[in-house]
Each structure stands twice: as C-alpha cells, then as structure tokens.
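Novice: target_12.cif is reproduced in full below (mmCIF, C-alpha atoms).
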```cif
data_model
loop_
_atom_site.label_atom_id
_atom_site.label_comp_id
_atom_site.auth_asym_id
_atom_site.auth_seq_id
_atom_site.Cartn_x
_atom_site.Cartn_y
_atom_site.Cartn_z
CA MET A 175 0.00 0.00 0.00
CA LYS A 176 2.85 2.41 0.82
CA ARG A 177 4.53 1.76 -2.54
CA ALA A 178 1.25 2.25 -4.40
CA ALA A 179 0.67 5.54 -2.58
CA LEU A 180 4.15 6.75 -3.55
CA LEU A 181 3.55 5.82 -7.20
CA ALA A 182 0.21 7.63 -7.17
CA ALA A 183 1.81 10.72 -5.66
CA ALA A 184 4.57 10.66 -8.27
CA ALA A 185 2.03 10.35 -11.08
CA ALA A 186 0.00 13.25 -9.69
CA THR A 187 3.14 15.40 -9.41
CA TYR A 188 4.09 14.60 -13.02
CA ALA A 189 0.59 15.44 -14.27
CA ALA A 190 0.61 18.74 -12.38
CA ALA A 191 4.02 19.66 -13.79
CA ALA A 192 2.91 18.82 -17.34
CA TRP A 193 -0.26 20.89 -16.86
CA MET A 194 1.79 23.94 -15.80
CA VAL A 195 3.93 23.89 -18.97
CA ALA A 196 2.75 26.20 -21.71
CA PRO A 197 0.53 24.42 -24.27
CA GLY A 198 2.37 23.58 -27.46
CA PHE A 199 5.81 24.03 -25.90
CA TYR A 200 6.89 20.41 -26.43
CA ASP A 201 5.25 19.44 -29.70
CA GLY A 202 7.66 16.67 -30.66
CA PHE A 203 9.68 16.46 -33.83
CA GLY A 204 7.32 18.15 -36.31
CA PRO A 205 7.94 21.53 -37.94
CA PRO A 206 8.46 24.18 -35.27
CA GLN A 207 5.75 26.65 -34.43
CA ALA A 208 6.31 30.03 -36.08
CA TYR A 209 8.46 32.21 -33.86
CA ASN A 210 7.14 35.58 -32.69
CA TRP A 211 9.93 38.11 -33.25
CA THR A 212 10.63 41.50 -31.76
CA CYS A 213 12.92 42.19 -34.74
CA PRO A 214 12.10 39.58 -37.40
CA PRO A 215 14.79 38.55 -39.89
CA PRO A 216 13.98 39.23 -43.57
CA GLN A 217 13.11 35.59 -44.26
CA ALA A 218 10.51 35.49 -41.48
CA GLY A 219 7.70 36.97 -43.58
CA ALA A 220 4.51 37.82 -41.68
CA ASN A 221 5.21 38.27 -38.00
CA THR A 222 3.32 38.41 -34.71
CA LYS A 223 4.89 40.30 -31.83
CA PRO A 224 6.01 38.18 -28.84
CA LEU A 225 3.77 37.93 -25.82
CA SER A 226 4.46 38.43 -22.12
CA GLY A 227 3.56 36.16 -19.22
CA HIS A 228 2.56 36.36 -15.55
CA GLN A 229 2.32 33.80 -12.77
CA GLN A 230 1.40 33.85 -9.08
CA VAL A 231 3.42 31.38 -7.00
CA LYS A 232 1.70 30.44 -3.75
CA VAL A 233 3.54 30.41 -0.42
CA LEU A 234 2.40 27.73 2.02
CA GLY A 235 3.80 27.63 5.53
CA GLY A 236 6.53 30.06 4.56
CA VAL A 237 7.66 27.88 1.62
CA SER A 238 7.02 28.80 -2.00
CA ASP A 239 5.16 26.18 -4.01
CA ALA A 240 6.52 24.33 -7.05
CA ASN A 241 5.32 26.20 -10.12
CA SER A 242 6.31 27.58 -13.52
CA ALA A 243 5.81 30.85 -15.37
CA PHE A 244 5.61 31.09 -19.15
CA SER A 245 5.00 33.62 -21.87
CA GLU A 246 1.55 33.35 -23.45
CA ASP A 247 3.06 32.22 -26.77
CA GLY A 248 5.12 29.52 -25.06
CA GLN A 249 8.49 30.92 -26.10
CA VAL A 250 9.80 31.15 -22.53
CA VAL A 251 9.22 28.84 -19.56
CA ILE A 252 10.86 29.18 -16.15
CA GLY A 253 10.22 26.50 -13.54
CA PHE A 254 10.64 26.65 -9.77
CA LEU A 255 11.22 23.89 -7.22
CA PRO A 256 9.48 23.99 -3.83
CA GLY A 257 11.21 26.60 -1.67
CA ALA A 258 12.93 28.22 -4.66
CA PHE A 259 12.19 31.73 -3.34
CA ASP A 260 13.04 33.63 -0.22
CA ALA A 261 9.38 33.89 0.74
CA THR A 262 9.84 35.81 3.99
CA GLY A 263 6.64 37.74 4.75
CA LYS A 264 4.99 36.57 1.52
CA THR A 265 1.76 34.69 0.86
CA VAL A 266 2.14 34.86 -2.91
CA ILE A 267 5.05 35.71 -5.25
CA SER A 268 4.50 37.39 -8.62
CA VAL A 269 6.66 36.43 -11.60
CA ASP A 270 6.57 38.39 -14.87
CA ILE A 271 8.08 37.67 -18.29
CA THR A 272 8.33 40.64 -20.66
CA PRO A 273 9.90 40.65 -24.14
CA LEU A 274 12.28 43.56 -24.62
CA ALA A 275 11.04 46.08 -27.19
CA THR A 276 14.52 46.41 -28.70
CA CYS A 277 17.05 43.89 -30.02
CA PRO A 278 20.52 44.49 -28.55
CA GLN A 279 23.45 42.72 -30.19
CA PRO A 280 26.37 43.01 -27.75
CA PRO A 281 29.96 42.72 -29.00
CA GLY A 282 31.10 39.15 -29.43
CA VAL A 283 27.59 37.65 -29.24
CA ARG A 284 24.92 36.96 -31.83
CA PHE A 285 21.43 36.58 -30.36
CA VAL A 286 18.98 34.36 -32.26
CA THR A 287 16.01 34.84 -29.90
CA ASN A 288 14.22 37.80 -28.45
CA VAL A 289 15.57 39.29 -25.24
CA TYR A 290 13.27 38.66 -22.27
CA ASN A 291 13.17 40.41 -18.91
CA ILE A 292 12.12 38.02 -16.12
CA THR A 293 11.31 39.60 -12.77
CA ALA A 294 9.83 38.52 -9.43
CA ASP A 295 9.02 40.28 -6.18
CA ALA A 296 11.15 37.82 -4.19
CA PRO A 297 14.74 36.62 -4.78
CA LEU A 298 15.70 33.08 -5.65
CA VAL A 299 17.44 30.86 -3.12
CA LYS A 300 17.45 27.79 -5.40
CA PRO A 301 18.24 27.58 -9.12
CA ALA A 302 15.30 27.93 -11.50
CA ASN A 303 15.12 26.00 -14.77
CA LEU A 304 14.82 28.21 -17.86
CA VAL A 305 13.75 27.07 -21.33
CA LEU A 306 13.84 29.32 -24.40
CA ARG A 307 12.31 28.36 -27.73
CA TYR A 308 14.06 29.48 -30.92
CA SER A 309 13.36 29.56 -34.66
CA ASN A 310 14.67 27.32 -37.43
CA LEU A 311 15.31 30.42 -39.57
CA LEU A 312 18.60 31.26 -37.83
CA PRO A 313 21.55 29.13 -36.64
CA ASP A 314 21.01 27.13 -33.48
CA PRO A 315 22.12 28.88 -30.28
CA SER A 316 24.90 27.35 -28.20
CA ASP A 317 24.37 29.29 -24.95
CA VAL A 318 21.88 31.27 -22.94
CA TYR A 319 23.12 34.74 -22.01
CA PHE A 320 22.22 36.80 -18.93
CA ALA A 321 22.51 40.48 -18.01
CA THR A 322 21.12 42.72 -15.29
CA ASP A 323 20.75 45.52 -17.85
CA PRO A 324 19.97 45.22 -21.58
CA ALA A 325 23.03 47.38 -22.29
CA GLY A 326 25.16 44.66 -20.70
CA PRO A 327 27.55 43.33 -19.82
CA TRP A 328 26.18 39.97 -21.02
CA LYS A 329 27.61 36.68 -19.81
CA SER A 330 26.96 33.08 -20.82
CA ILE A 331 25.18 30.92 -18.26
CA GLY A 332 25.61 27.83 -20.44
CA ALA A 333 23.07 25.34 -21.72
CA ALA A 334 22.02 21.79 -20.94
CA GLN A 335 23.40 19.06 -23.19
CA THR A 336 19.96 17.74 -24.07
CA ALA A 337 16.79 19.61 -24.90
CA GLN A 338 13.62 19.27 -26.93
CA PRO A 339 13.95 20.28 -30.61
CA PHE A 340 14.18 24.04 -31.14
CA THR A 341 14.56 24.73 -27.41
CA ILE A 342 17.59 25.50 -25.25
CA ASP A 343 17.65 24.83 -21.49
CA THR A 344 19.69 26.26 -18.67
CA SER A 345 19.39 27.20 -14.99
CA THR A 346 19.61 30.56 -13.28
CA ARG A 347 19.98 31.80 -9.72
CA ALA A 348 18.95 35.37 -10.51
CA PHE A 349 16.35 37.31 -12.45
CA GLY A 350 17.20 39.73 -15.21
CA TYR A 351 17.49 39.75 -19.00
CA PHE A 352 17.89 36.52 -20.96
CA ALA A 353 18.48 35.60 -24.61
CA ALA A 354 19.89 32.64 -26.51
CA GLY A 355 22.68 32.94 -29.04
CA TYR A 356 26.26 32.02 -29.87
CA PRO A 357 29.69 33.69 -29.86
CA SER A 358 29.83 35.88 -32.95
CA ALA A 359 33.03 34.15 -34.09
CA SER A 360 30.91 31.05 -34.73
CA PRO A 361 29.45 29.70 -36.95
CA PRO A 362 32.77 30.13 -38.77
CA PRO A 363 32.84 32.64 -41.61
CA GLY A 364 32.36 31.35 -45.14
CA VAL A 365 29.42 29.06 -44.54
CA VAL A 366 25.98 28.84 -46.05
CA GLN A 367 23.26 28.54 -43.40
CA ILE A 368 20.77 25.74 -44.02
CA GLY A 369 17.46 25.45 -42.10
CA GLY A 370 17.82 25.27 -38.33
CA GLY A 371 21.48 26.10 -38.02
CA GLN A 372 23.08 23.38 -40.16
CA THR A 373 26.04 24.67 -42.18
CA LEU A 374 27.56 23.86 -45.54
CA PRO A 375 31.02 25.28 -46.31
CA ILE A 376 31.08 27.39 -49.43
CA VAL A 377 34.24 25.57 -50.57
CA ALA A 378 32.37 22.26 -50.57
CA ALA A 379 29.46 23.81 -52.45
CA VAL A 380 31.85 25.22 -55.08
CA LEU A 381 33.59 21.85 -55.48
CA ILE A 382 30.26 20.11 -56.00
CA ALA A 383 29.30 22.68 -58.61
CA LEU A 384 32.65 22.23 -60.38
CA VAL A 385 32.23 18.47 -60.51
CA VAL A 386 28.76 18.84 -62.01
CA VAL A 387 29.92 21.42 -64.58
CA ALA A 388 32.96 19.35 -65.52
CA GLY A 389 30.78 16.35 -66.17
CA VAL A 390 28.58 18.13 -68.69
CA PRO A 391 31.11 18.24 -71.62
CA LEU A 392 32.00 14.59 -71.02
CA ALA A 393 28.33 13.60 -71.15
CA VAL A 394 27.87 15.62 -74.37
CA ARG A 395 30.90 14.00 -76.03
CA ARG A 396 29.73 10.54 -75.08
CA ARG A 397 26.27 11.24 -76.46
CA ARG A 398 27.73 12.56 -79.74
CA GLY A 399 30.00 9.52 -80.01
CA VAL A 400 27.06 7.17 -79.64
CA ARG A 401 25.09 9.14 -82.24
CA THR A 402 28.02 9.06 -84.74
CA GLU A 403 28.53 5.35 -84.20
CA ASN A 404 24.85 4.69 -84.92
CA GLU A 405 25.00 6.79 -88.11
CA ASP A 406 28.10 4.95 -89.37
CA GLN A 407 26.53 1.51 -89.02
CA PRO A 408 25.08 0.21 -92.35
CA GLU A 409 21.39 -0.37 -92.46
CA THR A 410 20.39 -4.05 -92.53
CA GLU A 411 18.17 -5.20 -95.36
CA THR A 412 14.80 -6.55 -94.42
#
```
Reformat the file's structure so that it appears as structure tokens.

Specialist:
Amino acid sequence: MKRAALLAAAAATYAAAAWMVAPGFYDGFGPPQAYNWTCPPPQAGANTKPLSGHQQVKVLGGVSDANSAFSEDGQVVIGFLPGAFDATGKTVISVDITPLATCPQPPGVRFVTNVYNITADAPLVKPANLVLRYSNLLPDPSDVYFATDPAGPWKSIGAAQTAQPFTIDTSTRAFGYFAAGYPSASPPPGVVQIGGGQTLPIVAAVLIALVVVAGVPLAVRRRRGVRTENEDQPETET
C-alpha cells in the first residue's frame, strides 16, 4: 500500500508539472511553431509580436510552491522547485516575463532569440530551470546569455546538453534579461546557413558545382560519339 501511494503521488506530481507547462511548448519532432519576433529577420515573412507572461506562486507555511511561469506564446518557460524563493513575509510571489522592445546585439555575441526580462518580487534561493524556444530560420544557439541591464555586460550561463527540438535549457539563480545565441566568431565565416542552423562550407558547395559542370562536356561528347557510331553503321536489309 505504501509503494502504491508513492507511485500515485509521483504520477500526480508529473501530471501537475505537465499541466503547468505552456501548451504547445513540447510538440515533438514536427515543424516548429512560427516564432514571434521583436525584430524579425527578412526571411521570417509575416510576424506576430512576442507575448508576455505572468504567474502567481503560492507560499504555504513560509515555503514557495513548485510552479512555472511562461509567456503566453510559449516561447519562454521558467520552472521553480518547492522553496525556490526567499518567501519571507509573503503569501504569494509574482513572476513576470516581458519581451524587450529592442534587439541588442552586444559585442562578441549573436542573439537568435528575443531578449526577455524576467522579474519577481522575491529573490531566488534555489536555481530555476529556464527554457527558451528558438526559430529554425537562424543558426542554433549554443548558450543562454544573462545580463542585469539590456546594455550589458552579457555573460553566458551555459546550456544543458539535451533539450527538446528548437529549445535550449539552462538554470539561473537570478532574475534579469535573458536571450539565446552564440559567440559571434561562430558559426565560422564562409558558410551557407541551411534550415535550423546546419552549415555547408562554401568551398564544398563550389567543389560540388565544379564536378557537375565538368561532367557536362563529357556527357555531351559521349552522347555525340554514340550518335556518330549509330550513323556509321550500315542499315540491314529486311
């Protein structure tokens, strides 16, 4: 009976956690949902502005509840363990996610997501899990970057090794400004960007083109040789 109760509690906890995640955030391996850009790239076409998010985290017995906050379009999710906040004197903690209205590009970094300001009216005492969704129209990000001011300085807070497609995960011990990107020295110069961040060196593309072009005269000569050979053969009498 004790083991069954523990299994039931675990299942209920899992269901509650899944319910708190923004709908559509983990849609599997299909085409990604269109990204809502603050500053859309030229290839984005029609664009919808990104949405903000708000969550009230309950405090029970002086301990903040397990919960998550997410933007209404599901592009940002931040999750909190029980007791993640310093909840002194609180009965509820407000968390807000706001997309920045501008698109800073600090030196040495190339952002491929919007910049989001995440705030709360209580500080963290445990790390919070942060998930950012990104588009397949730009190269994949390698890191999540953090700053206390949009003007910087920005620093990498890393990324988890595994994540759902078109998402990047990390953890944070502070609130502030967040964006996903990569050091501007990479991807290396001289590459053609394909889809969601895959790269094809221009040199390889040129070599492939040269091989194809070089094969055309050979194919023409062979075809002419076959045609001449057929013309030179005497016709058989019927």

Novice: Counting only C-alpha atoms, which residues come within 7 Å of (8.9, 29.7, -32.5), with the point read in the file's coordinates, and could you list them as a ChimeraX atom specification?

Specialist: /A:206-210,249,307-309

Novice: Out of A:Ser316, A:Gln279, A:Thr265, A:Thr287, which residue has the shortest atom-to-atom distance to A:Pro224 when counting only C-alpha atoms?

Specialist: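 Closest candidate: A:Thr287.
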
Novice: Have a look at A:Phe320, A:Phe259, A:Phe340, A:Tyr290 and name the one nearest to A:Ser245; count only C-alpha atoms.

Specialist: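 For A:Ser245, the nearest of the candidates is A:Tyr290.
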
Novice: Can you work out the spacing between atom CA of A:Leu311 and atom CA of A:Ala348 in Å, to one decimal?

Specialist: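 About the pair atom CA of A:Leu311 and atom CA of A:Ala348: they are 29.7 Å apart.
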
Novice: Rank nothing, just name the residue among A:Ser268, A:Gly263, A:Asn310, A:Leu255 nearest to A:Gln217, using all atoms listed in the file.

Specialist: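 Distance minimum relative to A:Gln217 lands on A:Asn310.
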
Novice: Quick one: pull the distance between atom CA of A:Val250 and atom CA of A:Pro214, Å, one decimal.

Specialist: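 Between atom CA of A:Val250 and atom CA of A:Pro214 the gap works out to 17.2 Å.
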
Novice: Grab the atom CA of A:Gln230 to atom CA of A:Asn291 distance for me, in Å with one decimal place.

Specialist: 16.7 Å

Novice: If the PyMOL selection byres ((chain A and resi 282) around 12) is run on the structure shown, which residues does it catch, given as a PDB file with C-alpha atoms, in the coordinates of the input?

Specialist:
```
ATOM      1  CA  PRO A 278      20.520  44.490 -28.550  1.00  0.00           C
ATOM      2  CA  GLN A 279      23.450  42.720 -30.190  1.00  0.00           C
ATOM      3  CA  PRO A 280      26.370  43.010 -27.750  1.00  0.00           C
ATOM      4  CA  PRO A 281      29.960  42.720 -29.000  1.00  0.00           C
ATOM      5  CA  VAL A 283      27.590  37.650 -29.240  1.00  0.00           C
ATOM      6  CA  ARG A 284      24.920  36.960 -31.830  1.00  0.00           C
ATOM      7  CA  PHE A 285      21.430  36.580 -30.360  1.00  0.00           C
ATOM      8  CA  TYR A 319      23.120  34.740 -22.010  1.00  0.00           C
ATOM      9  CA  GLY A 326      25.160  44.660 -20.700  1.00  0.00           C
ATOM     10  CA  PRO A 327      27.550  43.330 -19.820  1.00  0.00           C
ATOM     11  CA  TRP A 328      26.180  39.970 -21.020  1.00  0.00           C
ATOM     12  CA  LYS A 329      27.610  36.680 -19.810  1.00  0.00           C
ATOM     13  CA  SER A 330      26.960  33.080 -20.820  1.00  0.00           C
ATOM     14  CA  GLY A 355      22.680  32.940 -29.040  1.00  0.00           C
ATOM     15  CA  TYR A 356      26.260  32.020 -29.870  1.00  0.00           C
ATOM     16  CA  PRO A 357      29.690  33.690 -29.860  1.00  0.00           C
ATOM     17  CA  SER A 358      29.830  35.880 -32.950  1.00  0.00           C
ATOM     18  CA  ALA A 359      33.030  34.150 -34.090  1.00  0.00           C
ATOM     19  CA  SER A 360      30.910  31.050 -34.730  1.00  0.00           C
TER      20      SER A 360
END
```

Novice: Return the single residue from A:Pro301, A:Pro339, A:Pro324, A:Pro216 that is closest to A:Pro273, with distances computed using only C-alpha atoms.

Specialist: A:Pro324

Novice: Which residues are close to A:Ala294, i.e. within 12 Å by only C-alpha atoms, leaving aside same-chain residues fewer than 2 positions away? Reply as a short mmCIF file (atom, residue, chain, number, x, y, z; two decimals) with C-alpha atoms, in the coordinates of the input.

Specialist:
```
data_model
loop_
_atom_site.label_atom_id
_atom_site.label_comp_id
_atom_site.auth_asym_id
_atom_site.auth_seq_id
_atom_site.Cartn_x
_atom_site.Cartn_y
_atom_site.Cartn_z
CA GLY A 227 3.56 36.16 -19.22
CA HIS A 228 2.56 36.36 -15.55
CA GLN A 229 2.32 33.80 -12.77
CA GLN A 230 1.40 33.85 -9.08
CA VAL A 231 3.42 31.38 -7.00
CA ALA A 243 5.81 30.85 -15.37
CA ILE A 252 10.86 29.18 -16.15
CA PHE A 254 10.64 26.65 -9.77
CA ALA A 258 12.93 28.22 -4.66
CA PHE A 259 12.19 31.73 -3.34
CA ASP A 260 13.04 33.63 -0.22
CA ALA A 261 9.38 33.89 0.74
CA VAL A 266 2.14 34.86 -2.91
CA ILE A 267 5.05 35.71 -5.25
CA SER A 268 4.50 37.39 -8.62
CA VAL A 269 6.66 36.43 -11.60
CA ASP A 270 6.57 38.39 -14.87
CA ILE A 271 8.08 37.67 -18.29
CA THR A 272 8.33 40.64 -20.66
CA ASN A 291 13.17 40.41 -18.91
CA ILE A 292 12.12 38.02 -16.12
CA ALA A 296 11.15 37.82 -4.19
CA PRO A 297 14.74 36.62 -4.78
CA LEU A 298 15.70 33.08 -5.65
CA ALA A 348 18.95 35.37 -10.51
CA PHE A 349 16.35 37.31 -12.45
CA GLY A 350 17.20 39.73 -15.21
#
```

Novice: Of the residues A:Cys213, A:Ala334, A:Ala240, A:Val251, which is the one nearest to A:Ser226, using only C-alpha atoms?

Specialist: A:Val251

Novice: Calculated over all atoms listed in the file, which of the candidates A:Cys277, A:Ser238, A:Gly253, A:Lys232 has the smallest distance to A:Thr212?

Specialist: A:Cys277

Novice: Step by step, gather every atom of stretch 320-325 of chain A that the file lists, find the box along x, y and z that holds them, add 4 Å on each side, and finally give centre and edge lengths in Å to one decimal, as JSON.

Specialist:
```
{"center_x": 21.5, "center_y": 42.1, "center_z": -18.8, "size_x": 11.1, "size_y": 18.6, "size_z": 15.0}
```

Novice: Kindly complete stretch 296-312 of chain A to N, CA and C atoms; the output should be written as a PDB file, keeping the file's coordinate frame.

Specialist:
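The new file result_8.pdb reads:
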```
ATOM      1  N   ALA A 296      10.385  38.504  -5.236  1.00  0.00           N
ATOM      2  CA  ALA A 296      11.150  37.820  -4.190  1.00  0.00           C
ATOM      3  C   ALA A 296      12.372  37.203  -4.850  1.00  0.00           C
ATOM      4  N   PRO A 297      13.522  37.187  -4.166  1.00  0.00           N
ATOM      5  CA  PRO A 297      14.740  36.620  -4.780  1.00  0.00           C
ATOM      6  C   PRO A 297      14.738  35.103  -4.741  1.00  0.00           C
ATOM      7  N   LEU A 298      15.533  34.524  -5.625  1.00  0.00           N
ATOM      8  CA  LEU A 298      15.700  33.080  -5.650  1.00  0.00           C
ATOM      9  C   LEU A 298      16.715  32.639  -4.600  1.00  0.00           C
ATOM     10  N   VAL A 299      16.458  31.490  -3.990  1.00  0.00           N
ATOM     11  CA  VAL A 299      17.440  30.860  -3.120  1.00  0.00           C
ATOM     12  C   VAL A 299      17.818  29.470  -3.650  1.00  0.00           C
ATOM     13  N   LYS A 300      17.118  29.028  -4.694  1.00  0.00           N
ATOM     14  CA  LYS A 300      17.450  27.790  -5.400  1.00  0.00           C
ATOM     15  C   LYS A 300      17.450  28.084  -6.895  1.00  0.00           C
ATOM     16  N   PRO A 301      18.234  27.339  -7.680  1.00  0.00           N
ATOM     17  CA  PRO A 301      18.240  27.580  -9.120  1.00  0.00           C
ATOM     18  C   PRO A 301      16.864  27.327  -9.733  1.00  0.00           C
ATOM     19  N   ALA A 302      16.520  28.129 -10.720  1.00  0.00           N
ATOM     20  CA  ALA A 302      15.300  27.930 -11.500  1.00  0.00           C
ATOM     21  C   ALA A 302      15.680  27.409 -12.874  1.00  0.00           C
ATOM     22  N   ASN A 303      14.864  26.542 -13.438  1.00  0.00           N
ATOM     23  CA  ASN A 303      15.120  26.000 -14.770  1.00  0.00           C
ATOM     24  C   ASN A 303      14.492  26.904 -15.820  1.00  0.00           C
ATOM     25  N   LEU A 304      15.283  27.285 -16.823  1.00  0.00           N
ATOM     26  CA  LEU A 304      14.820  28.210 -17.860  1.00  0.00           C
ATOM     27  C   LEU A 304      14.897  27.531 -19.222  1.00  0.00           C
ATOM     28  N   VAL A 305      13.819  27.628 -19.979  1.00  0.00           N
ATOM     29  CA  VAL A 305      13.750  27.070 -21.330  1.00  0.00           C
ATOM     30  C   VAL A 305      13.347  28.176 -22.293  1.00  0.00           C
ATOM     31  N   LEU A 306      14.145  28.352 -23.350  1.00  0.00           N
ATOM     32  CA  LEU A 306      13.840  29.320 -24.400  1.00  0.00           C
ATOM     33  C   LEU A 306      13.602  28.562 -25.699  1.00  0.00           C
ATOM     34  N   ARG A 307      12.551  28.916 -26.396  1.00  0.00           N
ATOM     35  CA  ARG A 307      12.310  28.360 -27.730  1.00  0.00           C
ATOM     36  C   ARG A 307      12.948  29.275 -28.761  1.00  0.00           C
ATOM     37  N   TYR A 308      13.450  28.681 -29.855  1.00  0.00           N
ATOM     38  CA  TYR A 308      14.060  29.480 -30.920  1.00  0.00           C
ATOM     39  C   TYR A 308      13.536  29.030 -32.278  1.00  0.00           C
ATOM     40  N   SER A 309      13.871  29.793 -33.311  1.00  0.00           N
ATOM     41  CA  SER A 309      13.360  29.560 -34.660  1.00  0.00           C
ATOM     42  C   SER A 309      14.336  28.701 -35.463  1.00  0.00           C
ATOM     43  N   ASN A 310      13.809  28.057 -36.509  1.00  0.00           N
ATOM     44  CA  ASN A 310      14.670  27.320 -37.430  1.00  0.00           C
ATOM     45  C   ASN A 310      15.195  28.212 -38.553  1.00  0.00           C
ATOM     46  N   LEU A 311      14.879  29.508 -38.517  1.00  0.00           N
ATOM     47  CA  LEU A 311      15.310  30.420 -39.570  1.00  0.00           C
ATOM     48  C   LEU A 311      16.719  30.960 -39.358  1.00  0.00           C
ATOM     49  N   LEU A 312      17.254  30.777 -38.158  1.00  0.00           N
ATOM     50  CA  LEU A 312      18.600  31.260 -37.830  1.00  0.00           C
ATOM     51  C   LEU A 312      19.410  30.096 -37.258  1.00  0.00           C
TER      52      LEU A 312
END
```
